[in-house]
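**Student:** Have a look at the structure that comes next, please.
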Amino acid sequence: MIMTAVLLLTDDPAAAGAVREALGKEGYTIDEAARLADALRQLAGHPPGVLLLDLSLGDGDGLKALRDLRVHSPGVPVVVLADARHAPLELAALECGAAEFLPKDRLGDDALELAVKRALARAFAGGASQETVGLVAAITRSFFEASPDGIIVADRDGRILVVNRRTETLFGYAREELLGQPVEML
């Protein structure tokens, strides 16, 4: 499991506990800061993979804090966490550079991990050169093809989109015969 460092900027103990529980069990390492100045110091020393910003932070305007964080660490994606009263600020937060906006009442379900993964994916895709993206794709394809396990990727309707070589061997079908077929045929 790849561990990703998360910096959580909140002074809300309930939100901090929910984030620790939701992301900790998924292997994320979580550092915390209760004030913007502390978060800026931590970012200078060791930037995390993603930053979670509570708009209700007690020591300042949440959108100003977001702008300051984006100026200070433009390469670190920010997921904004917000109380219901801040819901109207979603568009403004995204315009200020937030990668994701998540209501705090969604911290206990899979939405938080999904928001973090999307923010990381956007940061990678946006910050990587085409050459790097191509190289990563080629490496991923080589691992996919070299896997000792059969791997099948299907769409939402259960139709096969991609298979690796091992799948062909295991099931006795050529790749071309499998593509577009229902996964149940195997």
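Residue numbering restarts at 1 for every chain of the structure tokens, chains are lettered A, B, ... in their displayed order, and ligands are numbered from 1 as they appear.
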Pick out the residues sitting within 12 Å of Leu114 in chain A, and hand them over as number ranges by chain; count only C-alpha atoms, and ignore anything fewer than 3 positions along from it in its own chain.
**Tutor:** A: 22-23, 26, 79, 99-102, 106-111, 117-121
**Student:** Generate the output file for the selected residues, C-alpha atoms, as a compact mmCIF listing (two decimals), in the first residue's frame.
**Tutor:**
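Saved to result_16.txt:
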# COMPACT_ATOMS: atom_id res chain seq x y z
CA ALA A 22 -11.52 7.57 7.59
CA LEU A 23 -8.08 8.08 6.06
CA GLU A 26 -6.75 3.44 4.36
CA VAL A 79 -9.51 19.64 -0.43
CA ALA A 99 -9.13 20.77 -5.99
CA GLU A 100 -12.23 19.43 -4.21
CA PHE A 101 -14.98 20.73 -1.90
CA LEU A 102 -16.51 18.36 0.65
CA ARG A 106 -19.48 13.43 4.51
CA LEU A 107 -16.22 12.86 6.40
CA GLY A 108 -17.32 9.51 7.79
CA ASP A 109 -18.07 7.82 4.47
CA ASP A 110 -16.03 7.01 1.37
CA ALA A 111 -16.50 10.53 0.00
CA LYS A 117 -7.79 10.51 -4.59
CA ARG A 118 -9.36 12.84 -7.15
CA ALA A 119 -7.33 15.78 -5.86
CA LEU A 120 -4.12 13.75 -6.08
CA ALA A 121 -4.98 12.52 -9.57
**Student:** Show me, as a list in words, the residues that have an atom within 12 Å of His46 in chain A when counting only C-alpha atoms, minus same-chain residues fewer than 6 positions from it.
**Tutor:** Ala5, Val6, Leu7, Asp31, Ala39, Leu40, Ser73 and Val76 of chain A
**Student:** Quick one: everything within 10 Å of Asp155 in chain A, counting only C-alpha atoms, minus sequence neighbours fewer than 3 positions away in the same chain. Send it as JSON, numbers by chain.
**Tutor:** {"A": [158, 159, 160, 161, 162, 180, 182, 183]}
**Student:** Go ahead and dump the residues you just picked, N, CA, C and O atoms, as a compact mmCIF listing (two decimals), in the first residue's frame.
**Tutor:**
# COMPACT_ATOMS: atom_id res chain seq x y z
N GLY A 158 -20.79 -4.54 -17.26
CA GLY A 158 -20.18 -5.86 -17.17
C GLY A 158 -19.56 -6.34 -18.48
O GLY A 158 -19.24 -7.51 -18.63
N ARG A 159 -19.34 -5.43 -19.41
CA ARG A 159 -18.70 -5.80 -20.68
C ARG A 159 -17.19 -5.61 -20.54
O ARG A 159 -16.71 -4.62 -20.00
N ILE A 160 -16.45 -6.56 -21.04
CA ILE A 160 -14.99 -6.57 -20.90
C ILE A 160 -14.37 -5.48 -21.77
O ILE A 160 -14.62 -5.43 -22.98
N LEU A 161 -13.55 -4.65 -21.14
CA LEU A 161 -12.86 -3.57 -21.84
C LEU A 161 -11.40 -3.92 -22.12
O LEU A 161 -10.88 -3.62 -23.19
N VAL A 162 -10.74 -4.53 -21.13
CA VAL A 162 -9.31 -4.81 -21.23
C VAL A 162 -9.02 -6.11 -20.48
O VAL A 162 -9.62 -6.36 -19.43
N GLY A 180 -15.45 -6.68 -25.28
CA GLY A 180 -16.85 -6.37 -25.57
C GLY A 180 -17.83 -7.42 -25.11
O GLY A 180 -19.04 -7.21 -25.15
N PRO A 182 -19.72 -10.01 -22.34
CA PRO A 182 -20.10 -9.92 -20.91
C PRO A 182 -19.12 -10.74 -20.07
O PRO A 182 -18.71 -11.83 -20.47
N VAL A 183 -18.73 -10.20 -18.93
CA VAL A 183 -17.76 -10.86 -18.07
C VAL A 183 -18.26 -12.23 -17.59
O VAL A 183 -17.49 -13.12 -17.29
**Student:** Taking only range 16-122 of chain A into account, list the residues labelled helix (DSSP H, G or I) by DSSP (computed from the backbone), as a ChimeraX atom specification.
**Tutor:** /A:16-24,36-45,62-72,84-95,104-106,111-122
**Student:** Assign secondary structure with DSSP using the backbone only, and return the residues of range 11-148 of chain A in strand (DSSP E or B) as a PyMOL selection string.
**Tutor:** chain A and resi 29-33+50-54+78-82+100-103
**Student:** Rank nothing, just name the residue among A:Ala123, A:Leu89, A:Lys64, A:His72 nearest to Ala44 in chain A, using only C-alpha atoms.
**Tutor:**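 Checking each candidate against Ala44 in chain A, we get A:His72 as the closest.
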**Student:** Could you tell me how far CA of Gln42 in chain A lies from CA of Ala14 in chain A, in Å and to one decimal?
**Tutor:**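 CA of Gln42 in chain A sits 21.9 Å away from CA of Ala14 in chain A.
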**Student:** May I ask for the distance between CA of Asn164 in chain A and CA of Thr4 in chain A, given in Å to one decimal place?
**Tutor:**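 Between these atoms lies a distance of 28.3 Å.
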**Student:** Using only C-alpha atoms, which of the listed residues (A:Leu81, A:Leu66, A:Val116, A:Leu94) sits closest to Pro48 in chain A?
**Tutor:** A:Val116
**Student:** Figure out the distance between CA of Thr167 in chain A and CA of Leu179 in chain A, please, to one decimal in Å.
**Tutor:**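 Going from CA of Leu179 in chain A over to CA of Thr167 in chain A covers 11.7 Å.
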**Student:** With distances taken over only C-alpha atoms, which residue among A:Gly172, A:Pro74, A:Pro13, A:Pro103 lies nearest Val50 in chain A?
**Tutor:**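 Nearest to Val50 in chain A: A:Pro74.
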**Student:** Applying 7 Å and only C-alpha atoms, which residues near Arg166 in chain A remain after dropping the ones on its own chain fewer than 2 positions away? List them as a PyMOL selection string.
**Tutor:** chain A and resi 148-150+164+168-170
